[in-house]
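Source file my_file_6.cif; content: mmCIF, C-alpha atoms.
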```
data_work
#
loop_
_atom_site.label_atom_id
_atom_site.label_comp_id
_atom_site.auth_asym_id
_atom_site.auth_seq_id
_atom_site.Cartn_x
_atom_site.Cartn_y
_atom_site.Cartn_z
CA MET A 6 -113.46 -44.27 -118.82
CA GLN A 7 -113.47 -41.28 -116.48
CA PHE A 8 -114.49 -38.61 -118.98
CA ASP A 9 -117.80 -38.13 -120.83
CA SER A 10 -116.40 -36.27 -123.83
CA ILE A 11 -113.17 -35.26 -125.52
CA SER A 12 -113.57 -31.68 -124.26
CA ALA A 13 -114.00 -32.93 -120.69
CA PHE A 14 -110.84 -35.01 -121.15
CA LEU A 15 -108.90 -32.02 -122.44
CA ASP A 16 -110.22 -29.85 -119.60
CA MET A 17 -108.95 -32.30 -116.92
CA GLY A 18 -111.53 -31.12 -114.38
CA GLY A 19 -110.25 -27.55 -114.60
CA TYR A 20 -106.60 -28.52 -114.13
CA ALA A 21 -105.87 -28.70 -117.88
CA PHE A 22 -102.95 -26.26 -117.80
CA PHE A 23 -101.05 -28.03 -115.02
CA VAL A 24 -101.72 -31.60 -116.15
CA TRP A 25 -100.87 -30.99 -119.81
CA LEU A 26 -97.88 -28.84 -118.87
CA SER A 27 -96.49 -31.68 -116.75
CA TYR A 28 -97.09 -34.37 -119.36
CA GLY A 29 -95.87 -32.13 -122.19
CA VAL A 30 -92.63 -31.04 -120.56
CA SER A 31 -91.87 -34.60 -119.37
CA THR A 32 -92.46 -36.03 -122.85
CA PHE A 33 -90.33 -33.32 -124.42
CA LEU A 34 -87.42 -33.81 -121.99
CA LEU A 35 -87.47 -37.62 -122.32
CA ALA A 36 -87.69 -37.45 -126.12
CA ALA A 37 -84.81 -34.98 -126.19
CA LEU A 38 -82.77 -37.32 -123.97
CA VAL A 39 -83.39 -40.33 -126.22
CA TYR A 40 -82.65 -38.31 -129.36
CA SER A 41 -79.43 -36.77 -128.03
CA SER A 42 -78.19 -40.16 -126.77
CA HIS A 43 -78.80 -41.68 -130.22
CA SER A 44 -77.10 -38.85 -132.10
CA ASN A 45 -74.22 -38.83 -129.63
CA HIS A 46 -73.64 -42.54 -130.32
CA LYS A 47 -73.52 -41.82 -134.05
CA LYS A 48 -71.17 -38.87 -133.56
CA VAL A 49 -68.67 -41.00 -131.64
CA LYS A 50 -68.76 -43.64 -134.38
CA ILE A 51 -68.17 -41.00 -137.07
CA LYS A 52 -65.26 -39.57 -135.08
CA ILE A 53 -63.60 -43.01 -134.84
CA ALA A 54 -64.21 -43.66 -138.55
CA GLN A 55 -62.63 -40.33 -139.45
CA ARG A 56 -59.55 -41.14 -137.37
CA LEU A 57 -59.26 -44.53 -139.06
CA GLN A 58 -59.40 -42.86 -142.48
CA ARG A 59 -56.72 -40.37 -141.45
CA GLU A 60 -54.51 -43.21 -140.29
CA ILE A 61 -54.90 -45.05 -143.61
CA LYS A 62 -54.01 -41.84 -145.44
CA LEU A 63 -50.88 -41.31 -143.32
CA ARG A 64 -49.79 -44.92 -143.80
CA LYS A 65 -50.15 -44.62 -147.58
CA ALA A 66 -48.14 -41.40 -147.56
CA ALA A 67 -45.43 -43.07 -145.49
CA GLU A 68 -45.27 -46.01 -147.91
CA LYS A 69 -44.94 -43.62 -150.83
CA ASN A 70 -42.09 -41.78 -149.10
CA SER A 71 -40.19 -44.94 -148.29
CA ALA A 72 -40.60 -46.14 -151.91
CA ASN A 73 -39.03 -42.89 -153.12
CA ALA A 74 -36.26 -43.15 -150.58
CA GLU A 75 -35.10 -46.53 -151.89
CA THR A 76 -33.83 -44.83 -155.04
CA THR A 77 -31.25 -42.84 -153.06
CA ASP A 78 -28.81 -44.57 -150.73
CA ASP A 79 -28.46 -41.61 -148.39
CA LEU A 80 -32.15 -41.45 -147.57
CA ASN A 81 -32.31 -45.21 -147.37
CA SER A 82 -29.79 -45.33 -144.56
CA VAL A 83 -31.65 -42.55 -142.76
CA VAL A 84 -34.89 -44.55 -142.94
CA LYS A 85 -33.05 -47.65 -141.68
CA ASP A 86 -31.67 -45.70 -138.72
CA LEU A 87 -35.09 -44.34 -137.94
CA SER A 88 -36.76 -47.73 -138.10
CA LYS A 89 -34.06 -49.22 -135.83
CA ASN A 90 -34.71 -46.50 -133.27
CA SER A 91 -38.45 -46.87 -133.49
CA ASN A 92 -38.04 -50.64 -132.95
CA LYS A 93 -36.13 -49.90 -129.78
CA VAL A 94 -38.86 -47.59 -128.57
CA VAL A 95 -41.53 -50.15 -129.33
CA SER A 96 -39.72 -53.04 -127.68
CA MET B 29 -69.93 -68.29 -107.77
CA TRP B 30 -69.58 -65.01 -109.65
CA LYS B 31 -67.38 -66.46 -112.38
CA TRP B 32 -70.11 -66.37 -115.03
CA LEU B 33 -70.04 -62.60 -114.64
CA HIS B 34 -66.36 -62.21 -115.51
CA PRO B 35 -66.60 -62.15 -119.33
CA TYR B 36 -68.89 -59.11 -119.08
CA ALA B 37 -66.00 -57.08 -117.67
CA ASN B 38 -64.65 -57.22 -121.23
CA PRO B 39 -65.80 -54.08 -123.10
CA GLU B 40 -66.32 -55.94 -126.37
CA VAL B 41 -68.53 -58.62 -124.80
CA SER B 42 -70.52 -55.99 -122.88
CA TYR B 43 -70.95 -53.82 -125.99
CA HIS B 44 -72.44 -56.65 -128.02
CA PHE B 45 -74.50 -58.05 -125.13
CA VAL B 46 -76.15 -54.68 -124.47
CA GLY B 47 -76.65 -54.24 -128.23
CA LYS B 48 -78.62 -57.50 -128.33
CA LEU B 49 -80.79 -56.39 -125.38
CA LEU B 50 -81.63 -52.96 -126.82
CA PRO B 51 -84.41 -53.91 -129.31
CA TRP B 52 -86.22 -55.90 -126.59
CA ILE B 53 -85.91 -53.13 -124.04
CA SER B 54 -87.28 -50.59 -126.54
CA LYS B 55 -90.30 -52.79 -127.35
CA ILE B 56 -91.15 -53.37 -123.68
CA THR B 57 -90.70 -49.64 -122.99
CA ILE B 58 -93.11 -48.59 -125.73
CA ALA B 59 -95.72 -51.16 -124.66
CA LEU B 60 -95.56 -50.28 -120.96
CA LEU B 61 -95.60 -46.52 -121.52
CA ALA B 62 -98.48 -46.68 -124.01
CA ILE B 63 -100.62 -48.74 -121.61
CA GLY B 64 -99.52 -46.81 -118.52
CA ILE B 65 -100.11 -43.29 -119.82
CA VAL B 66 -103.52 -44.05 -121.34
CA TRP B 67 -104.54 -45.80 -118.11
CA ALA B 68 -103.27 -42.89 -116.01
CA LEU B 69 -104.87 -40.16 -118.10
CA VAL B 70 -108.17 -41.73 -119.12
CA PHE B 71 -109.15 -44.73 -117.00
CA ALA B 72 -107.72 -44.10 -113.53
CA PRO B 73 -110.24 -42.44 -111.21
CA ALA B 74 -109.79 -38.82 -110.16
CA ASP B 75 -108.74 -38.15 -106.57
CA TYR B 76 -111.65 -37.24 -104.27
CA GLN B 77 -109.79 -34.17 -102.97
CA GLN B 78 -107.38 -33.23 -105.75
CA GLY B 79 -109.58 -34.05 -108.74
CA ASP B 80 -107.80 -34.59 -112.05
CA SER B 81 -104.65 -32.71 -111.01
CA PHE B 82 -103.84 -36.01 -109.30
CA ARG B 83 -102.91 -37.44 -112.71
CA ILE B 84 -99.56 -35.63 -112.44
CA PHE B 85 -98.80 -38.22 -109.74
CA TYR B 86 -98.24 -40.85 -112.47
CA ILE B 87 -95.16 -39.00 -113.74
CA HIS B 88 -94.07 -37.22 -110.58
CA VAL B 89 -93.75 -40.20 -108.23
CA PRO B 90 -92.04 -42.65 -110.65
CA THR B 91 -89.48 -40.02 -111.69
CA ALA B 92 -88.90 -38.99 -108.06
CA ILE B 93 -88.28 -42.60 -106.98
CA LEU B 94 -86.09 -43.25 -110.03
CA SER B 95 -84.06 -40.07 -109.46
CA MET B 96 -82.87 -41.65 -106.19
CA SER B 97 -82.51 -45.20 -107.58
CA ILE B 98 -80.37 -44.01 -110.49
CA TYR B 99 -78.22 -42.05 -108.06
CA MET B 100 -77.68 -45.15 -105.90
CA ALA B 101 -76.86 -47.22 -109.00
CA MET B 102 -74.38 -44.57 -110.14
CA ALA B 103 -72.77 -44.38 -106.70
CA THR B 104 -72.50 -48.20 -106.57
CA ALA B 105 -70.79 -48.21 -109.97
CA ALA B 106 -68.49 -45.40 -108.83
CA PHE B 107 -67.62 -47.39 -105.69
CA CYS B 108 -66.78 -50.52 -107.74
CA SER B 109 -64.64 -48.43 -110.05
CA LEU B 110 -62.77 -46.73 -107.19
CA VAL B 111 -62.19 -49.90 -105.15
CA TRP B 112 -61.66 -52.61 -107.79
CA GLN B 113 -60.90 -50.33 -110.75
CA PHE B 114 -63.44 -51.86 -113.09
CA ARG B 115 -63.13 -49.67 -116.16
CA LEU B 116 -66.64 -50.52 -117.31
CA ALA B 117 -68.11 -49.40 -113.98
CA ASP B 118 -66.75 -45.93 -114.75
CA ALA B 119 -68.33 -46.02 -118.19
CA SER B 120 -71.71 -47.00 -116.74
CA ALA B 121 -71.53 -44.28 -114.06
CA ALA B 122 -70.79 -41.73 -116.77
CA ALA B 123 -73.75 -43.09 -118.77
CA MET B 124 -76.15 -42.84 -115.80
CA ALA B 125 -75.41 -39.27 -114.67
CA PRO B 126 -77.14 -37.33 -117.50
CA VAL B 127 -80.16 -39.65 -117.40
CA GLY B 128 -80.47 -39.14 -113.65
CA ALA B 129 -80.23 -35.38 -114.10
CA VAL B 130 -83.09 -35.33 -116.63
CA ILE B 131 -85.27 -37.59 -114.45
CA THR B 132 -84.61 -35.38 -111.39
CA ALA B 133 -85.47 -32.28 -113.43
CA ILE B 134 -88.77 -33.89 -114.49
CA ALA B 135 -89.58 -34.84 -110.88
CA LEU B 136 -88.91 -31.25 -109.77
CA PHE B 137 -90.86 -29.70 -112.63
CA THR B 138 -93.93 -31.93 -112.33
CA GLY B 139 -93.79 -31.35 -108.57
CA ALA B 140 -93.91 -27.59 -109.16
CA ALA B 141 -96.78 -27.92 -111.64
CA TRP B 142 -98.66 -30.05 -109.10
CA GLY B 143 -97.80 -27.75 -106.20
CA LYS B 144 -99.20 -24.64 -107.88
CA PRO B 145 -102.86 -25.81 -108.00
CA MET B 146 -102.69 -27.83 -104.73
CA TRP B 147 -100.46 -25.74 -102.42
CA GLY B 148 -100.85 -22.41 -104.19
CA THR B 149 -97.15 -22.07 -104.96
CA TRP B 150 -94.73 -23.36 -107.61
CA TRP B 151 -91.85 -23.59 -105.19
CA ILE B 152 -91.17 -23.50 -101.48
CA TRP B 153 -87.84 -23.96 -99.70
CA ASP B 154 -88.97 -26.96 -97.71
CA ALA B 155 -86.89 -29.99 -96.81
CA ARG B 156 -88.12 -32.43 -99.49
CA LEU B 157 -88.00 -29.94 -102.36
CA THR B 158 -84.65 -28.46 -101.39
CA SER B 159 -82.94 -31.84 -100.92
CA GLU B 160 -84.26 -32.98 -104.31
CA LEU B 161 -82.86 -29.78 -105.84
CA VAL B 162 -79.50 -30.58 -104.22
CA LEU B 163 -79.72 -34.00 -105.92
CA LEU B 164 -80.05 -32.26 -109.30
CA PHE B 165 -76.95 -30.18 -108.53
CA LEU B 166 -75.06 -33.33 -107.49
CA TYR B 167 -75.90 -34.91 -110.85
CA LEU B 168 -74.78 -31.75 -112.68
CA GLY B 169 -71.53 -31.75 -110.68
CA VAL B 170 -70.85 -35.39 -111.56
CA ILE B 171 -71.52 -34.69 -115.27
CA ALA B 172 -69.23 -31.65 -115.15
CA LEU B 173 -66.41 -33.65 -113.54
CA HIS B 174 -66.75 -36.47 -116.09
CA ASN B 175 -66.23 -33.88 -118.83
CA ALA B 176 -63.61 -31.80 -117.05
CA PHE B 177 -60.62 -34.08 -117.70
CA GLU B 178 -59.18 -35.34 -120.96
CA ASP B 179 -58.01 -38.48 -119.09
CA LYS B 180 -61.19 -40.52 -118.53
CA ASN B 181 -59.71 -42.53 -115.62
CA LEU B 182 -58.89 -39.36 -113.72
CA ALA B 183 -62.32 -37.93 -114.57
CA GLY B 184 -63.98 -41.13 -113.35
CA LYS B 185 -62.12 -40.95 -110.05
CA ALA B 186 -63.05 -37.31 -109.39
CA ALA B 187 -66.70 -37.83 -110.38
CA GLY B 188 -66.81 -41.08 -108.40
CA ILE B 189 -65.68 -39.40 -105.18
CA LEU B 190 -68.30 -36.67 -105.62
CA SER B 191 -71.05 -39.22 -106.23
CA LEU B 192 -70.01 -41.22 -103.12
CA VAL B 193 -70.04 -38.11 -100.94
CA GLY B 194 -73.44 -37.17 -102.38
CA VAL B 195 -74.98 -40.46 -101.21
CA VAL B 196 -75.54 -38.76 -97.83
CA ASN B 197 -78.29 -36.74 -99.57
CA ILE B 198 -80.37 -39.81 -100.46
CA PRO B 199 -81.65 -40.70 -96.93
CA ILE B 200 -82.20 -36.99 -96.36
CA ILE B 201 -84.56 -36.88 -99.35
CA LYS B 202 -86.24 -40.14 -98.38
CA TYR B 203 -86.91 -39.23 -94.73
CA SER B 204 -87.25 -35.45 -95.12
CA VAL B 205 -91.04 -35.74 -94.90
CA GLU B 206 -90.74 -37.55 -91.55
CA TRP B 207 -87.88 -35.62 -89.97
CA TRP B 208 -89.13 -32.11 -90.67
CA ASN B 209 -92.45 -30.37 -90.84
CA THR B 210 -93.07 -30.09 -94.53
CA LEU B 211 -95.74 -29.22 -97.03
CA HIS B 212 -94.94 -32.38 -98.97
CA GLN B 213 -97.07 -35.39 -98.16
CA GLY B 214 -95.64 -38.62 -96.79
CA ALA B 215 -95.05 -41.85 -98.67
CA THR B 216 -98.08 -43.49 -100.26
CA VAL B 217 -96.71 -46.24 -102.47
CA SER B 218 -93.14 -46.96 -101.34
CA LYS B 219 -94.08 -48.14 -97.89
CA MET B 220 -93.10 -51.50 -96.46
CA SER B 221 -96.74 -52.27 -95.67
CA ALA B 222 -99.50 -52.18 -98.29
CA PRO B 223 -99.72 -48.95 -100.32
CA SER B 224 -102.25 -46.52 -98.88
CA MET B 225 -104.16 -45.96 -102.09
CA SER B 226 -106.95 -47.61 -103.97
CA MET B 227 -105.98 -50.48 -106.27
CA ASP B 228 -107.45 -48.88 -109.40
CA MET B 229 -105.01 -46.00 -108.80
CA PHE B 230 -102.14 -48.24 -107.77
CA TRP B 231 -101.95 -50.50 -110.84
CA PRO B 232 -101.65 -47.72 -113.44
CA PHE B 233 -98.92 -46.33 -111.19
CA VAL B 234 -97.05 -49.65 -111.30
CA ILE B 235 -97.27 -49.76 -115.12
CA CYS B 236 -96.13 -46.14 -115.44
CA PHE B 237 -93.28 -46.74 -113.02
CA LEU B 238 -92.07 -49.82 -114.91
CA GLY B 239 -92.45 -48.00 -118.25
CA ILE B 240 -90.35 -45.03 -117.16
CA ALA B 241 -87.83 -47.40 -115.52
CA MET B 242 -87.49 -49.31 -118.79
CA LEU B 243 -87.08 -46.05 -120.73
CA VAL B 244 -84.33 -45.06 -118.31
CA THR B 245 -82.69 -48.47 -118.81
CA PHE B 246 -82.93 -48.03 -122.57
CA VAL B 247 -81.22 -44.64 -122.58
CA ILE B 248 -78.55 -45.77 -120.10
CA CYS B 249 -77.78 -48.78 -122.37
CA ILE B 250 -77.34 -46.50 -125.41
CA ARG B 251 -75.10 -44.11 -123.49
CA PHE B 252 -73.15 -47.02 -121.98
CA ARG B 253 -72.33 -48.32 -125.46
CA THR B 254 -71.28 -44.82 -126.54
CA GLU B 255 -68.96 -44.59 -123.52
CA ILE B 256 -67.43 -47.99 -124.32
CA LEU B 257 -66.74 -46.96 -127.93
CA SER B 258 -65.24 -43.58 -127.08
CA ARG B 259 -63.02 -45.08 -124.35
CA ASN B 260 -61.82 -47.98 -126.53
CA GLY B 261 -61.51 -46.15 -129.85
CA MET B 262 -57.95 -47.37 -130.39
CA ARG B 263 -58.69 -51.07 -129.82
CA PRO B 264 -58.62 -53.47 -132.78
CA TRP B 265 -62.17 -54.74 -132.13
CA VAL B 266 -63.57 -51.21 -132.36
CA ARG B 267 -61.68 -50.68 -135.63
CA THR B 268 -63.09 -53.85 -137.17
CA LEU B 269 -66.54 -52.98 -135.83
CA ILE B 270 -66.49 -49.49 -137.34
CA THR B 271 -65.12 -50.73 -140.68
CA ALA B 272 -67.72 -53.52 -140.84
CA GLU B 273 -70.78 -51.60 -139.59
CA GLY B 274 -69.98 -48.13 -140.82
CA THR B 275 -71.36 -45.25 -138.76
CA LYS B 276 -75.05 -46.09 -138.85
#
```

Could you show the structure in this file as structure tokens?
Amino acid sequence: MQFDSISAFLDMGGYAFFVWLSYGVSTFLLAALVYSSHSNHKKVKIKIAQRLQREIKLRKAAEKNSANAETTDDLNSVVKDLSKNSNKVVS
Amino acid sequence: MWKWLHPYANPEVSYHFVGKLLPWISKITIALLAIGIVWALVFAPADYQQGDSFRIFYIHVPTAILSMSIYMAMATAAFCSLVWQFRLADASAAAMAPVGAVITAIALFTGAAWGKPMWGTWWIWDARLTSELVLLFLYLGVIALHNAFEDKNLAGKAAGILSLVGVVNIPIIKYSVEWWNTLHQGATVSKMSAPSMSMDMFWPFVICFLGIAMLVTFVICIRFRTEILSRNGMRPWVRTLITAEGTK
């Protein structure tokens, strides 16, 4: 133990301002870094989850459309043509 | 010989491996920092010339050393990514840059707050201080380049070239106190021979150094995982992971 009392500890041999400023700013910056890294990780996960939800929505809408199209032959052939073309693109 | 390392080039394996390490790293970090800071502030003796202002040393020197180590690690990762096109090396370089920037800023700030009572000035354009400031700007440049392109491969290449060019600054920082007349003192702890300080000052320094190094590792691991997720967002394993874990 280098200090006799709490007030001597806080005074830091007359260098209180500089010592506590250094330790304070360092702690603040490191804490901010840890916090922002954590929240950034969460944000990226939320972004991916939102995109997944949007995809599910779009797929459902597409299924609905194709179900409606089956009732009319004209649309049905259009969908067939489209799916043929998309197969070509994929392969 | 290096075959055991190959599975870790897979983003999924790396993501889960780092995730398993994280709780351990955080525990070790908290333990080391708690011991180190109390030791440095309360139990370490005051310097016979500098008095208690010397306690700034326990943050200033570890962060200054780490600012250069992180840069070398980042440049090594950038080199691996440029030469062998390891995608994960790019992700780790992108994860290291902001951490290095914060550590360099802390080294500069604590240096200023130590310089004011000891040298009588917050800042002086001397070789050591200026080259360390250039290091901060290099980090900021690398971060800016990583965020400047939508295409992460292109961004990684541009940032990687900048970080490789910037390596020339590292020996300049390291030897600035020997090459030029400077206000900054020479090395005390990072010498090849025994450190030129008393052991009851040296051990708290070692603990503080390891504590801050572990904290840096911890943050880099978190950011590395974030980079992996954002770069592989379309992959099936990320989809199953997000659906299973949610966004916690």

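For the atom pair formed by atom CA of Met242 of chain B and atom CA of Ser41 of chain A, the distance is 17.5 Å, given to one decimal.
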
Original post:
Skipping near chain neighbours, those fewer than 3 positions away, what residues fall within 12 Å of Gly29 of chain A using only C-alpha atoms, listed as a list in words?
Top reply: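 Contacts, with the query itself left out: Ala21, Phe22, Phe23, Val24, Trp25, Leu26, Thr32, Phe33, Leu34, Leu35 and Ala36 of chain A; Ile84, Ile87, Ile134, Phe137, Thr138 and Ala141 of chain B.
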
Original post:
Which residues match the PyMOL selection byres ((chain A) within 9 of (chain B)) in the file above, as a ChimeraX atom specification?
Top reply: /A:6-8,14,17-28,30-31,34-35,38-39,42-43,45-54,57

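Going from atom CA of Gly188 of chain B over to atom CA of Ile200 of chain B, you cover 20.0 Å.
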
**OP:** One decimal, Å: what's the distance from atom CA of Pro232 of chain B over to atom CA of Gly64 of chain B, could you say?
**Re:**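 Atom-to-atom, atom CA of Pro232 of chain B and atom CA of Gly64 of chain B are spaced 5.6 Å apart.
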
**OP:** Please evaluate the PyMOL selection byres ((chain B and resi 238) around 9) against the structure above and give the resulting residues as a ChimeraX atom specification.
**Re:** /B:57,60-61,64,90,233-237,239-243
